[in-house]
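Pasting target-v5.txt here (compact mmCIF, C-alpha atoms):
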# COMPACT_ATOMS: atom_id res chain seq x y z
CA MET A 12 73.83 -88.39 196.63
CA ALA A 13 73.06 -87.62 192.97
CA LYS A 14 71.38 -84.30 192.31
CA GLU A 15 67.72 -84.64 191.36
CA LYS A 16 67.06 -83.70 187.75
CA GLU A 17 64.85 -80.69 187.00
CA ILE A 18 61.40 -81.53 185.65
CA VAL A 19 60.50 -80.62 182.06
CA VAL A 20 56.94 -80.92 180.69
CA SER A 21 55.85 -80.45 177.08
CA GLY A 22 52.72 -81.30 175.14
CA ILE A 23 52.58 -82.62 171.59
CA ARG A 24 49.43 -81.78 169.62
CA SER A 25 47.52 -84.78 168.32
CA THR A 26 46.36 -82.97 165.17
CA GLY A 27 48.13 -82.81 161.83
CA ILE A 28 51.20 -84.67 160.64
CA LEU A 29 54.62 -83.84 162.05
CA HIS A 30 56.82 -81.93 159.64
CA LEU A 31 60.41 -80.82 159.35
CA GLY A 32 59.75 -77.62 161.32
CA ASN A 33 58.39 -79.69 164.22
CA TYR A 34 61.46 -81.89 164.14
CA PHE A 35 64.08 -79.13 164.16
CA GLY A 36 61.99 -76.69 166.21
CA ALA A 37 60.95 -79.09 168.98
CA ILE A 38 61.73 -82.80 168.71
CA ARG A 39 65.48 -82.35 168.29
CA ASN A 40 65.48 -80.34 171.53
CA TYR A 41 63.39 -83.03 173.26
CA ILE A 42 66.01 -85.63 172.30
CA ARG A 43 68.69 -83.50 173.92
CA MET A 44 66.55 -82.76 176.98
CA GLN A 45 65.89 -86.45 177.64
CA GLU A 46 69.57 -86.87 178.51
CA GLU A 47 69.64 -83.95 180.96
CA PHE A 48 66.23 -83.62 182.62
CA ASN A 49 63.34 -85.61 184.07
CA CYS A 50 61.04 -85.25 181.05
CA TYR A 51 57.27 -85.70 180.82
CA PHE A 52 56.11 -85.52 177.19
CA PHE A 53 52.44 -86.07 176.43
CA VAL A 54 50.07 -86.21 173.47
CA ALA A 55 47.47 -83.49 174.06
CA ASP A 56 44.30 -85.28 172.95
CA TRP A 57 42.00 -83.37 175.34
CA HIS A 58 43.15 -80.08 173.81
CA ALA A 59 42.18 -81.44 170.38
CA LEU A 60 38.55 -81.89 171.50
CA THR A 61 37.87 -78.14 171.25
CA THR A 62 37.58 -78.64 167.46
CA HIS A 63 35.37 -81.77 167.73
CA PRO A 64 37.56 -84.23 165.76
CA ASP A 65 36.17 -87.50 164.44
CA PRO A 66 36.81 -90.16 167.14
CA LYS A 67 38.37 -92.61 164.67
CA SER A 68 40.78 -90.02 163.28
CA LEU A 69 41.67 -88.82 166.80
CA ARG A 70 42.70 -92.34 167.83
CA GLY A 71 44.75 -92.80 164.67
CA ASN A 72 46.39 -89.39 165.14
CA VAL A 73 47.47 -90.25 168.68
CA TYR A 74 49.08 -93.49 167.49
CA ARG A 75 50.80 -91.70 164.62
CA VAL A 76 52.14 -88.84 166.75
CA LEU A 77 53.55 -91.29 169.30
CA ALA A 78 55.12 -93.39 166.54
CA GLU A 79 56.67 -90.39 164.78
CA ASN A 80 58.15 -89.01 167.99
CA ILE A 81 59.65 -92.37 168.94
CA ALA A 82 60.94 -92.88 165.41
CA SER A 83 62.54 -89.41 165.55
CA GLY A 84 64.55 -90.33 168.63
CA LEU A 85 62.41 -89.98 171.78
CA ASP A 86 63.24 -92.93 174.03
CA PRO A 87 60.27 -94.15 176.14
CA GLU A 88 62.80 -95.64 178.58
CA LYS A 89 64.37 -92.21 179.18
CA VAL A 90 61.25 -90.00 179.16
CA THR A 91 57.74 -90.41 180.50
CA LEU A 92 55.72 -90.52 177.28
CA TYR A 93 51.97 -90.63 177.78
CA VAL A 94 48.55 -89.63 176.47
CA GLN A 95 46.92 -86.72 178.32
CA SER A 96 43.53 -88.42 178.70
CA ASP A 97 45.13 -91.39 180.49
CA ILE A 98 45.86 -89.12 183.47
CA PRO A 99 42.53 -88.25 185.20
CA GLU A 100 44.42 -86.28 187.87
CA ILE A 101 45.05 -83.59 185.24
CA ALA A 102 41.28 -83.13 184.83
CA GLU A 103 40.81 -82.73 188.58
CA LEU A 104 43.60 -80.17 188.86
CA TYR A 105 42.07 -78.38 185.85
CA LEU A 106 38.81 -78.15 187.82
CA LEU A 107 40.58 -76.80 190.91
CA LEU A 108 42.56 -74.21 188.93
CA ASN A 109 39.39 -73.05 187.16
CA MET A 110 38.19 -71.82 190.55
CA MET A 111 41.09 -69.34 190.47
CA ALA A 112 40.72 -68.35 186.80
CA TYR A 113 38.76 -65.26 185.82
CA LYS A 114 36.63 -64.76 182.75
CA GLY A 115 38.15 -61.36 181.97
CA GLU A 116 41.75 -62.60 181.89
CA LEU A 117 40.86 -65.66 179.80
CA GLU A 118 39.00 -63.57 177.22
CA LYS A 119 42.09 -61.38 176.73
CA VAL A 120 44.37 -64.25 175.67
CA PRO A 121 45.41 -63.55 172.03
CA THR A 122 45.01 -67.16 170.90
CA PHE A 123 41.43 -67.22 172.26
CA LYS A 124 40.59 -64.02 170.40
CA ASP A 125 42.09 -65.51 167.21
CA LYS A 126 39.99 -68.68 167.59
CA VAL A 127 36.82 -66.61 168.10
CA ARG A 128 37.53 -64.69 164.89
CA GLN A 129 38.28 -67.87 162.94
CA ASN A 130 35.36 -69.95 164.29
CA PRO A 131 32.67 -67.64 165.72
CA ASP A 132 30.18 -70.55 165.84
CA ASN A 133 32.44 -72.73 168.00
CA VAL A 134 33.32 -70.57 171.02
CA ASN A 135 33.18 -73.35 173.61
CA ALA A 136 34.29 -73.35 177.24
CA GLY A 137 37.23 -75.58 176.34
CA LEU A 138 38.61 -72.84 174.08
CA LEU A 139 38.14 -70.21 176.77
CA THR A 140 39.83 -72.30 179.47
CA TYR A 141 42.55 -73.76 177.23
CA PRO A 142 45.27 -71.92 179.26
CA VAL A 143 43.88 -73.44 182.48
CA LEU A 144 44.14 -76.98 181.12
CA MET A 145 47.63 -76.20 179.81
CA SER A 146 48.52 -74.97 183.31
CA ALA A 147 47.18 -78.19 184.85
CA ASP A 148 49.30 -80.21 182.38
CA ILE A 149 52.42 -78.40 183.63
CA LEU A 150 51.68 -77.95 187.34
CA ILE A 151 50.54 -81.56 187.85
CA HIS A 152 54.21 -82.61 187.64
CA ARG A 153 55.51 -79.45 189.33
CA ALA A 154 57.59 -78.67 186.24
CA VAL A 155 60.32 -76.05 186.35
CA LYS A 156 61.09 -75.79 182.63
CA VAL A 157 58.64 -75.83 179.72
CA PRO A 158 59.77 -75.76 176.08
CA VAL A 159 57.23 -73.52 174.31
CA GLY A 160 57.07 -71.40 171.19
CA LYS A 161 56.50 -67.65 171.23
CA ASP A 162 52.74 -68.12 170.68
CA GLN A 163 52.47 -70.11 173.93
CA GLU A 164 54.50 -67.85 176.21
CA GLN A 165 51.44 -65.95 177.48
CA HIS A 166 49.81 -69.26 178.44
CA LEU A 167 52.93 -70.10 180.43
CA GLU A 168 52.75 -66.71 182.12
CA MET A 169 49.24 -67.69 183.21
CA SER A 170 50.59 -70.98 184.56
CA ARG A 171 52.94 -68.97 186.76
CA ASN A 172 49.99 -66.81 187.87
CA PHE A 173 47.96 -69.87 188.85
CA ALA A 174 50.94 -71.32 190.74
CA GLN A 175 51.36 -68.03 192.62
CA ARG A 176 47.62 -67.77 193.41
CA PHE A 177 47.47 -71.31 194.74
CA ASN A 178 50.64 -70.92 196.81
CA ASN A 179 49.48 -67.58 198.27
CA ARG A 180 45.98 -68.83 199.08
CA TYR A 181 46.62 -72.37 200.29
CA GLY A 182 50.35 -72.87 200.91
CA GLU A 183 53.52 -73.57 198.97
CA LEU A 184 53.13 -76.39 196.46
CA PHE A 185 53.92 -75.35 192.90
CA PRO A 186 57.22 -74.03 191.53
CA GLU A 187 56.78 -71.30 188.93
CA PRO A 188 57.49 -72.78 185.48
CA TYR A 189 59.58 -70.86 182.97
CA PRO A 190 59.99 -71.16 179.19
CA PHE A 191 63.08 -73.08 178.21
CA ASN A 192 64.86 -73.87 174.97
CA TYR A 193 68.46 -74.31 173.99
CA GLY A 194 69.01 -70.80 172.64
CA ASP A 195 71.85 -71.88 170.37
CA ASP A 196 69.76 -74.65 168.88
CA LEU A 197 66.61 -72.85 167.74
CA VAL A 198 65.94 -73.24 164.03
CA ARG A 199 63.07 -71.60 162.15
CA ILE A 200 62.08 -73.54 159.03
CA MET A 201 60.17 -71.53 156.43
CA SER A 202 57.55 -72.82 154.03
CA LEU A 203 59.03 -73.78 150.66
CA ASP A 204 56.89 -71.13 148.96
CA GLY A 205 58.51 -68.42 151.12
CA ASN A 206 55.26 -67.54 152.92
CA GLY A 207 55.83 -67.76 156.66
CA LYS A 208 57.00 -70.73 158.69
CA MET A 209 56.41 -74.35 157.74
CA SER A 210 53.02 -75.37 159.14
CA LYS A 211 50.73 -78.39 159.54
CA SER A 212 47.71 -76.41 158.43
CA GLU A 213 48.99 -74.23 155.59
CA ASN A 214 50.00 -75.21 152.03
CA GLU A 215 50.87 -78.91 152.25
CA ASN A 216 52.81 -78.73 148.97
CA SER A 217 55.24 -76.32 150.65
CA THR A 218 55.67 -78.38 153.82
CA LEU A 219 57.99 -81.37 154.21
CA TYR A 220 56.24 -83.97 156.37
CA LEU A 221 58.01 -86.76 158.23
CA ASN A 222 55.77 -89.27 156.43
CA ASP A 223 56.36 -87.90 152.90
CA SER A 224 57.38 -90.42 150.26
CA ASP A 225 60.74 -90.07 148.52
CA ASP A 226 59.05 -88.78 145.36
CA ALA A 227 56.90 -86.31 147.30
CA ILE A 228 60.04 -84.84 148.89
CA ARG A 229 61.74 -84.53 145.50
CA ASN A 230 58.70 -82.89 143.89
CA LYS A 231 58.21 -80.38 146.70
CA LEU A 232 61.84 -79.29 146.67
CA LYS A 233 61.87 -79.11 142.87
CA LYS A 234 59.05 -76.53 143.12
CA ALA A 235 60.59 -74.58 146.04
CA LYS A 236 60.68 -70.83 145.41
CA THR A 237 63.92 -69.43 143.92
CA ASP A 238 64.90 -66.44 141.78
CA SER A 239 67.29 -65.62 138.93
CA GLY A 240 70.28 -65.71 141.27
CA PRO A 241 72.56 -63.05 142.81
CA GLN A 242 73.70 -60.20 140.57
CA GLU A 243 76.60 -59.10 142.80
CA PRO A 244 79.26 -61.24 144.54
CA ASN A 245 78.58 -61.97 148.24
CA SER A 246 75.01 -60.65 148.02
CA ALA A 247 72.59 -61.02 150.95
CA LYS A 248 70.20 -63.95 150.49
CA PRO A 249 66.43 -63.38 150.33
CA ASP A 250 64.54 -65.31 153.06
CA TYR A 251 63.34 -68.08 150.74
CA ILE A 252 66.87 -68.68 149.41
CA ALA A 253 68.38 -68.53 152.91
CA ASN A 254 65.80 -71.18 153.89
CA LEU A 255 67.16 -73.59 151.26
CA PHE A 256 70.64 -73.09 152.67
CA THR A 257 69.30 -73.66 156.20
CA LEU A 258 67.75 -76.95 155.07
CA MET A 259 71.01 -77.96 153.42
CA GLN A 260 72.94 -77.10 156.58
CA LEU A 261 70.64 -79.44 158.53
CA VAL A 262 70.73 -82.50 156.27
CA SER A 263 73.69 -82.24 153.86
CA ALA A 264 77.43 -82.80 154.25
CA PRO A 265 79.42 -79.65 155.22
CA ASP A 266 81.48 -79.73 152.01
CA THR A 267 78.28 -79.92 149.93
CA LEU A 268 76.88 -76.87 151.71
CA GLN A 269 80.17 -75.02 151.29
CA ALA A 270 80.28 -75.72 147.54
CA PHE A 271 76.85 -74.12 147.05
CA GLU A 272 77.73 -71.21 149.38
CA ASP A 273 80.81 -70.55 147.22
CA ALA A 274 78.71 -70.79 144.05
CA TYR A 275 76.16 -68.34 145.45
CA ASN A 276 78.82 -65.86 146.57
CA GLY A 277 80.48 -66.15 143.17
CA CYS A 278 77.16 -65.60 141.30
CA SER A 279 77.47 -68.99 139.57
CA ILE A 280 74.89 -70.95 141.54
CA ARG A 281 72.48 -73.23 139.65
CA TYR A 282 69.42 -73.58 141.83
CA GLY A 283 68.24 -76.65 139.94
CA ASP A 284 71.43 -78.50 140.92
CA MET A 285 71.15 -77.29 144.51
CA LYS A 286 67.51 -78.39 144.85
CA LYS A 287 68.30 -81.78 143.29
CA GLN A 288 71.14 -82.36 145.76
CA LEU A 289 69.07 -81.10 148.68
CA ALA A 290 66.21 -83.39 147.70
CA GLU A 291 68.41 -86.51 147.81
CA ASP A 292 69.91 -85.50 151.15
CA MET A 293 66.43 -84.79 152.51
CA VAL A 294 65.16 -88.17 151.28
CA ASN A 295 68.05 -89.85 153.13
CA PHE A 296 67.15 -87.91 156.28
CA ILE A 297 63.37 -88.43 156.29
CA ARG A 298 63.16 -91.99 154.91
CA PRO A 299 64.49 -93.79 158.05
CA ILE A 300 62.10 -91.80 160.30
CA ARG A 301 59.13 -92.52 158.00
CA GLU A 302 59.90 -96.24 157.73
CA LYS A 303 60.45 -96.66 161.48
CA ALA A 304 57.27 -94.70 162.28
CA GLU A 305 55.24 -96.83 159.85
CA ALA A 306 56.52 -100.02 161.50
CA ILE A 307 55.73 -98.70 165.00
CA GLN A 308 52.21 -97.65 163.94
CA GLN A 309 51.49 -101.20 162.82
CA ASP A 310 52.68 -102.63 166.16
CA HIS A 311 49.71 -101.83 168.36
CA ALA A 312 50.93 -104.13 171.15
CA TYR A 313 54.16 -102.12 171.42
CA LEU A 314 52.32 -98.77 171.34
CA HIS A 315 49.85 -99.90 174.00
CA ARG A 316 52.74 -101.05 176.22
CA ILE A 317 54.46 -97.67 175.84
CA MET A 318 51.20 -95.83 176.59
CA ARG A 319 50.48 -97.93 179.70
CA GLN A 320 54.06 -97.59 180.93
CA GLY A 321 53.98 -93.83 180.44
CA ALA A 322 50.56 -93.51 182.09
CA GLU A 323 51.71 -95.42 185.18
CA LYS A 324 54.76 -93.20 185.66
CA ALA A 325 52.83 -89.99 184.94
CA ARG A 326 49.96 -90.95 187.29
CA GLU A 327 52.39 -91.65 190.12
CA SER A 328 53.76 -88.09 189.81
CA ALA A 329 50.30 -86.57 189.24
CA ALA A 330 48.67 -88.37 192.17
CA ALA A 331 51.35 -87.12 194.58
CA THR A 332 50.74 -83.53 193.49
CA LEU A 333 46.96 -83.86 193.68
CA ARG A 334 47.09 -85.38 197.18
CA GLU A 335 49.05 -82.37 198.39
CA ALA A 336 46.73 -79.92 196.61
CA ARG A 337 43.66 -81.56 198.17
CA ASN A 338 45.23 -81.51 201.63
CA LEU A 339 46.14 -77.83 201.36
CA MET A 340 42.65 -76.91 200.09
CA GLY A 341 40.91 -78.93 202.81
CA ILE A 342 39.40 -81.49 200.40
CA ASN A 343 40.53 -84.47 202.50
CA PHE A 344 37.78 -85.92 204.66
CA TYR A 345 39.15 -89.37 205.60
Take the structure in this file and express it as structure tokens.
Amino acid sequence: MAKEKEIVVSGIRSTGILHLGNYFGAIRNYIRMQEEFNCYFFVADWHALTTHPDPKSLRGNVYRVLAENIASGLDPEKVTLYVQSDIPEIAELYLLLNMMAYKGELEKVPTFKDKVRQNPDNVNAGLLTYPVLMSADILIHRAVKVPVGKDQEQHLEMSRNFAQRFNNRYGELFPEPYPFNYGDDLVRIMSLDGNGKMSKSENENSTLYLNDSDDAIRNKLKKAKTDSGPQEPNSAKPDYIANLFTLMQLVSAPDTLQAFEDAYNGCSIRYGDMKKQLAEDMVNFIRPIREKAEAIQQDHAYLHRIMRQGAEKARESAAATLREARNLMGINFY
């Protein structure tokens, strides 16, 4: 009998436009995971409600995020791809887990404290209990592995705590989920201005989005931060220069990368030529994703079919978990 695949769960935020950092930091790993694990990937539209988005833009964002992920290589026939709010069982498990969550521990979460500082007039219960909803997202499918960034690892630690508390109080149900990524495949893409990592919310002129036009890509790379070049052979590269080489390694031919490496090490590099070459290679990388995503976004019938198909599969898994949770807690009266 074939060995059952381990369950992986990951959420995709429904705010902002996917960019190159998202692709190489997350989506590329998802594409690899879909061949090896039983994957549940969802668009986290409930999480987005903490910032009170406009309903029309929220709907459009969900369609776009689904389209961009599919265009990037996620196969809805290989993964369960769904929208969070289509799975009411998650909301019920969220309620049950809230009974085991304590105000003091939730207030200590660094991301909550950051949100309070940034938006002191919008400290809502959804922000406070964000880690509980994230835990419900994961535990509803009894996931073992969860691909998360460093900023989410404490939330995952809380998911393990909730799993332990439930199991100790009511009986064994939830495995303890652990962070997972292919360690050899983690790539950190910096902003083109050299200030931190590429981000949806920071300087859009220094971020390469998956829906950027060819000319936008060329203009952004033309303005990418450089310097006067190395003064000594085989010099160490500053972060912002190393980032250009990282981008070239990801989208250019190996011999192209090697030619510019040799030029850098020999102090003869012309950054203008490098950025021009990188821009054309980046255009050739992003254009097919952008065009496919645009076509998918226009095909509402296809998107609705994918969403319904994903919801059915996700609800089957979620309902089984919730039935067991209710039985163990004594919330089963007939």
For region 306-315 of chain A, list every protein, DNA or RNA residue within 9 Å, evaluated using all atoms listed in the file, and leave out those in the same chain fewer than 4 positions away; present the list as a ChimeraX atom specification.
/A:71,74-75,77-79,81-82,301-302,319-320
Just to confirm, what's the straight-line distance from CA of Gly240 (chain A) to CA of Gly205 (chain A) in Å (one decimal)?
15.6 Å
So that I can check the surroundings of Met145 (chain A), please list as a PDB file with C-alpha atoms, keeping the file's coordinate frame every protein, DNA and RNA residue that reaches within 9 Å of it, counting all atoms listed in the file and ignoring chain neighbours fewer than 3 positions away.
ATOM      1  CA  GLY A  22      52.720 -81.300 175.140  1.00  0.00           C
ATOM      2  CA  HIS A  58      43.150 -80.080 173.810  1.00  0.00           C
ATOM      3  CA  TYR A 105      42.070 -78.380 185.850  1.00  0.00           C
ATOM      4  CA  THR A 140      39.830 -72.300 179.470  1.00  0.00           C
ATOM      5  CA  TYR A 141      42.550 -73.760 177.230  1.00  0.00           C
ATOM      6  CA  PRO A 142      45.270 -71.920 179.260  1.00  0.00           C
ATOM      7  CA  ASP A 148      49.300 -80.210 182.380  1.00  0.00           C
ATOM      8  CA  ILE A 149      52.420 -78.400 183.630  1.00  0.00           C
ATOM      9  CA  LEU A 150      51.680 -77.950 187.340  1.00  0.00           C
ATOM     10  CA  HIS A 166      49.810 -69.260 178.440  1.00  0.00           C
ATOM     11  CA  LEU A 167      52.930 -70.100 180.430  1.00  0.00           C
ATOM     12  CA  SER A 170      50.590 -70.980 184.560  1.00  0.00           C
TER      13      SER A 170
END
Name all residues at most 9 Å from Ile42 (chain A) (count only C-alpha atoms; drop same-chain ones fewer than 2 positions away) and give them as JSON, numbers by chain.
{"A": [37, 38, 39, 40, 44, 45, 46, 83, 84, 85, 86]}
Could you save the residues just selected, with C-alpha atoms, as a short mmCIF file (atom, residue, chain, number, x, y, z; two decimals), in the frame of the given file?
data_model
loop_
_atom_site.label_atom_id
_atom_site.label_comp_id
_atom_site.auth_asym_id
_atom_site.auth_seq_id
_atom_site.Cartn_x
_atom_site.Cartn_y
_atom_site.Cartn_z
CA ALA A 37 60.95 -79.09 168.98
CA ILE A 38 61.73 -82.80 168.71
CA ARG A 39 65.48 -82.35 168.29
CA ASN A 40 65.48 -80.34 171.53
CA MET A 44 66.55 -82.76 176.98
CA GLN A 45 65.89 -86.45 177.64
CA GLU A 46 69.57 -86.87 178.51
CA SER A 83 62.54 -89.41 165.55
CA GLY A 84 64.55 -90.33 168.63
CA LEU A 85 62.41 -89.98 171.78
CA ASP A 86 63.24 -92.93 174.03
#
Tell me which residues come within 10 Å of (76.1, -66.9, 142.5), as an NGL selection string, counting only C-alpha atoms in the file's coordinates.
:A and (239-246 or 271-282)
As an exercise, work out the distance from CA of Pro190 (chain A) to CA of Ile18 (chain A) in Å and give it to one decimal place.
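CA of Ile18 (chain A) lies at a distance of 12.3 Å from CA of Pro190 (chain A).
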Between CA of Val120 (chain A) and CA of Ala174 (chain A), what is the distance in Å, rounded to a tenth?
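Those two atoms sit 17.9 Å apart.
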Counting only C-alpha atoms, which residue out of A:Leu108, A:Met293, A:Leu60, A:Val20 sits closest to Tyr220 (chain A)?
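Residue with the minimum atom-to-atom distance to Tyr220 (chain A): A:Met293.
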Skip region 223-228 of chain A itself and residues of its chain fewer than 2 positions away, then list as a ChimeraX atom specification all residues within 12 Å of it, counting only C-alpha atoms.
/A:28-31,203,215-221,230-235,286-302,304-305
Expected file contents, prior selection, C-alpha atoms, as a PDB file, in the frame of the given file:
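Once written, again-v3.pdb looks like this:
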ATOM      1  CA  ILE A  28      51.200 -84.670 160.640  1.00  0.00           C
ATOM      2  CA  LEU A  29      54.620 -83.840 162.050  1.00  0.00           C
ATOM      3  CA  HIS A  30      56.820 -81.930 159.640  1.00  0.00           C
ATOM      4  CA  LEU A  31      60.410 -80.820 159.350  1.00  0.00           C
ATOM      5  CA  LEU A 203      59.030 -73.780 150.660  1.00  0.00           C
ATOM      6  CA  GLU A 215      50.870 -78.910 152.250  1.00  0.00           C
ATOM      7  CA  ASN A 216      52.810 -78.730 148.970  1.00  0.00           C
ATOM      8  CA  SER A 217      55.240 -76.320 150.650  1.00  0.00           C
ATOM      9  CA  THR A 218      55.670 -78.380 153.820  1.00  0.00           C
ATOM     10  CA  LEU A 219      57.990 -81.370 154.210  1.00  0.00           C
ATOM     11  CA  TYR A 220      56.240 -83.970 156.370  1.00  0.00           C
ATOM     12  CA  LEU A 221      58.010 -86.760 158.230  1.00  0.00           C
ATOM     13  CA  ASN A 230      58.700 -82.890 143.890  1.00  0.00           C
ATOM     14  CA  LYS A 231      58.210 -80.380 146.700  1.00  0.00           C
ATOM     15  CA  LEU A 232      61.840 -79.290 146.670  1.00  0.00           C
ATOM     16  CA  LYS A 233      61.870 -79.110 142.870  1.00  0.00           C
ATOM     17  CA  LYS A 234      59.050 -76.530 143.120  1.00  0.00           C
ATOM     18  CA  ALA A 235      60.590 -74.580 146.040  1.00  0.00           C
ATOM     19  CA  LYS A 286      67.510 -78.390 144.850  1.00  0.00           C
ATOM     20  CA  LYS A 287      68.300 -81.780 143.290  1.00  0.00           C
ATOM     21  CA  GLN A 288      71.140 -82.360 145.760  1.00  0.00           C
ATOM     22  CA  LEU A 289      69.070 -81.100 148.680  1.00  0.00           C
ATOM     23  CA  ALA A 290      66.210 -83.390 147.700  1.00  0.00           C
ATOM     24  CA  GLU A 291      68.410 -86.510 147.810  1.00  0.00           C
ATOM     25  CA  ASP A 292      69.910 -85.500 151.150  1.00  0.00           C
ATOM     26  CA  MET A 293      66.430 -84.790 152.510  1.00  0.00           C
ATOM     27  CA  VAL A 294      65.160 -88.170 151.280  1.00  0.00           C
ATOM     28  CA  ASN A 295      68.050 -89.850 153.130  1.00  0.00           C
ATOM     29  CA  PHE A 296      67.150 -87.910 156.280  1.00  0.00           C
ATOM     30  CA  ILE A 297      63.370 -88.430 156.290  1.00  0.00           C
ATOM     31  CA  ARG A 298      63.160 -91.990 154.910  1.00  0.00           C
ATOM     32  CA  PRO A 299      64.490 -93.790 158.050  1.00  0.00           C
ATOM     33  CA  ILE A 300      62.100 -91.800 160.300  1.00  0.00           C
ATOM     34  CA  ARG A 301      59.130 -92.520 158.000  1.00  0.00           C
ATOM     35  CA  GLU A 302      59.900 -96.240 157.730  1.00  0.00           C
ATOM     36  CA  ALA A 304      57.270 -94.700 162.280  1.00  0.00           C
ATOM     37  CA  GLU A 305      55.240 -96.830 159.850  1.00  0.00           C
TER      38      GLU A 305
END
Using all atoms listed in the file, find all polymer residues with an atom at most 12 Å away from the point (39.7, -69.0, 176.1); report them as a PDB file with C-alpha atoms, in the frame of the given file.
ATOM      1  CA  HIS A  58      43.150 -80.080 173.810  1.00  0.00           C
ATOM      2  CA  THR A  61      37.870 -78.140 171.250  1.00  0.00           C
ATOM      3  CA  ASN A 109      39.390 -73.050 187.160  1.00  0.00           C
ATOM      4  CA  ALA A 112      40.720 -68.350 186.800  1.00  0.00           C
ATOM      5  CA  TYR A 113      38.760 -65.260 185.820  1.00  0.00           C
ATOM      6  CA  LYS A 114      36.630 -64.760 182.750  1.00  0.00           C
ATOM      7  CA  GLY A 115      38.150 -61.360 181.970  1.00  0.00           C
ATOM      8  CA  GLU A 116      41.750 -62.600 181.890  1.00  0.00           C
ATOM      9  CA  LEU A 117      40.860 -65.660 179.800  1.00  0.00           C
ATOM     10  CA  GLU A 118      39.000 -63.570 177.220  1.00  0.00           C
ATOM     11  CA  LYS A 119      42.090 -61.380 176.730  1.00  0.00           C
ATOM     12  CA  VAL A 120      44.370 -64.250 175.670  1.00  0.00           C
ATOM     13  CA  PRO A 121      45.410 -63.550 172.030  1.00  0.00           C
ATOM     14  CA  THR A 122      45.010 -67.160 170.900  1.00  0.00           C
ATOM     15  CA  PHE A 123      41.430 -67.220 172.260  1.00  0.00           C
ATOM     16  CA  LYS A 124      40.590 -64.020 170.400  1.00  0.00           C
ATOM     17  CA  ASP A 125      42.090 -65.510 167.210  1.00  0.00           C
ATOM     18  CA  LYS A 126      39.990 -68.680 167.590  1.00  0.00           C
ATOM     19  CA  VAL A 127      36.820 -66.610 168.100  1.00  0.00           C
ATOM     20  CA  ASN A 133      32.440 -72.730 168.000  1.00  0.00           C
ATOM     21  CA  VAL A 134      33.320 -70.570 171.020  1.00  0.00           C
ATOM     22  CA  ASN A 135      33.180 -73.350 173.610  1.00  0.00           C
ATOM     23  CA  ALA A 136      34.290 -73.350 177.240  1.00  0.00           C
ATOM     24  CA  GLY A 137      37.230 -75.580 176.340  1.00  0.00           C
ATOM     25  CA  LEU A 138      38.610 -72.840 174.080  1.00  0.00           C
ATOM     26  CA  LEU A 139      38.140 -70.210 176.770  1.00  0.00           C
ATOM     27  CA  THR A 140      39.830 -72.300 179.470  1.00  0.00           C
ATOM     28  CA  TYR A 141      42.550 -73.760 177.230  1.00  0.00           C
ATOM     29  CA  PRO A 142      45.270 -71.920 179.260  1.00  0.00           C
ATOM     30  CA  VAL A 143      43.880 -73.440 182.480  1.00  0.00           C
ATOM     31  CA  LEU A 144      44.140 -76.980 181.120  1.00  0.00           C
ATOM     32  CA  MET A 145      47.630 -76.200 179.810  1.00  0.00           C
ATOM     33  CA  HIS A 166      49.810 -69.260 178.440  1.00  0.00           C
ATOM     34  CA  MET A 169      49.240 -67.690 183.210  1.00  0.00           C
TER      35      MET A 169
END
Looking at all atoms listed in the file, which of A:Val94, A:Ala154, A:Met201, A:Leu268 is the one that sits closest to Arg326 (chain A)?
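Closest candidate: A:Val94.
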Let me make sure I understand: among A:Asn254, A:Gln260, A:Thr332, A:Asn338, which one has the smallest atom-to-atom distance to Met209 (chain A) if we use only C-alpha atoms?
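Comparing A:Asn254, A:Gln260, A:Thr332, A:Asn338 against Met209 (chain A), the winner is A:Asn254.
Here the question is which of A:Val262, A:Leu92, A:Lys248, A:Asn33 gets nearest to Val54 (chain A) using only C-alpha atoms, and that residue is A:Leu92.
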With distances taken over all atoms listed in the file, which of A:Pro249, A:Asp284, A:Arg24, A:Val159 is nearest to Thr267 (chain A)?
A:Asp284
With all atoms listed in the file as the basis for distance, which of A:Val198, A:Phe35, A:Asn49, A:Ile252 is at the shortest distance from Glu15 (chain A)?
A:Asn49
Can you tell me which residues surround Arg153 (chain A) at a distance of at most 12 Å, considering all atoms listed in the file, apart from same-chain residues fewer than 5 positions away, and format the answer as JSON, numbers by chain?
{"A": [17, 18, 19, 20, 49, 50, 51, 101, 104, 146, 147, 148, 170, 171, 174, 183, 184, 185, 186, 187, 188, 189, 325, 328, 329, 330, 331, 332, 333, 335, 336]}
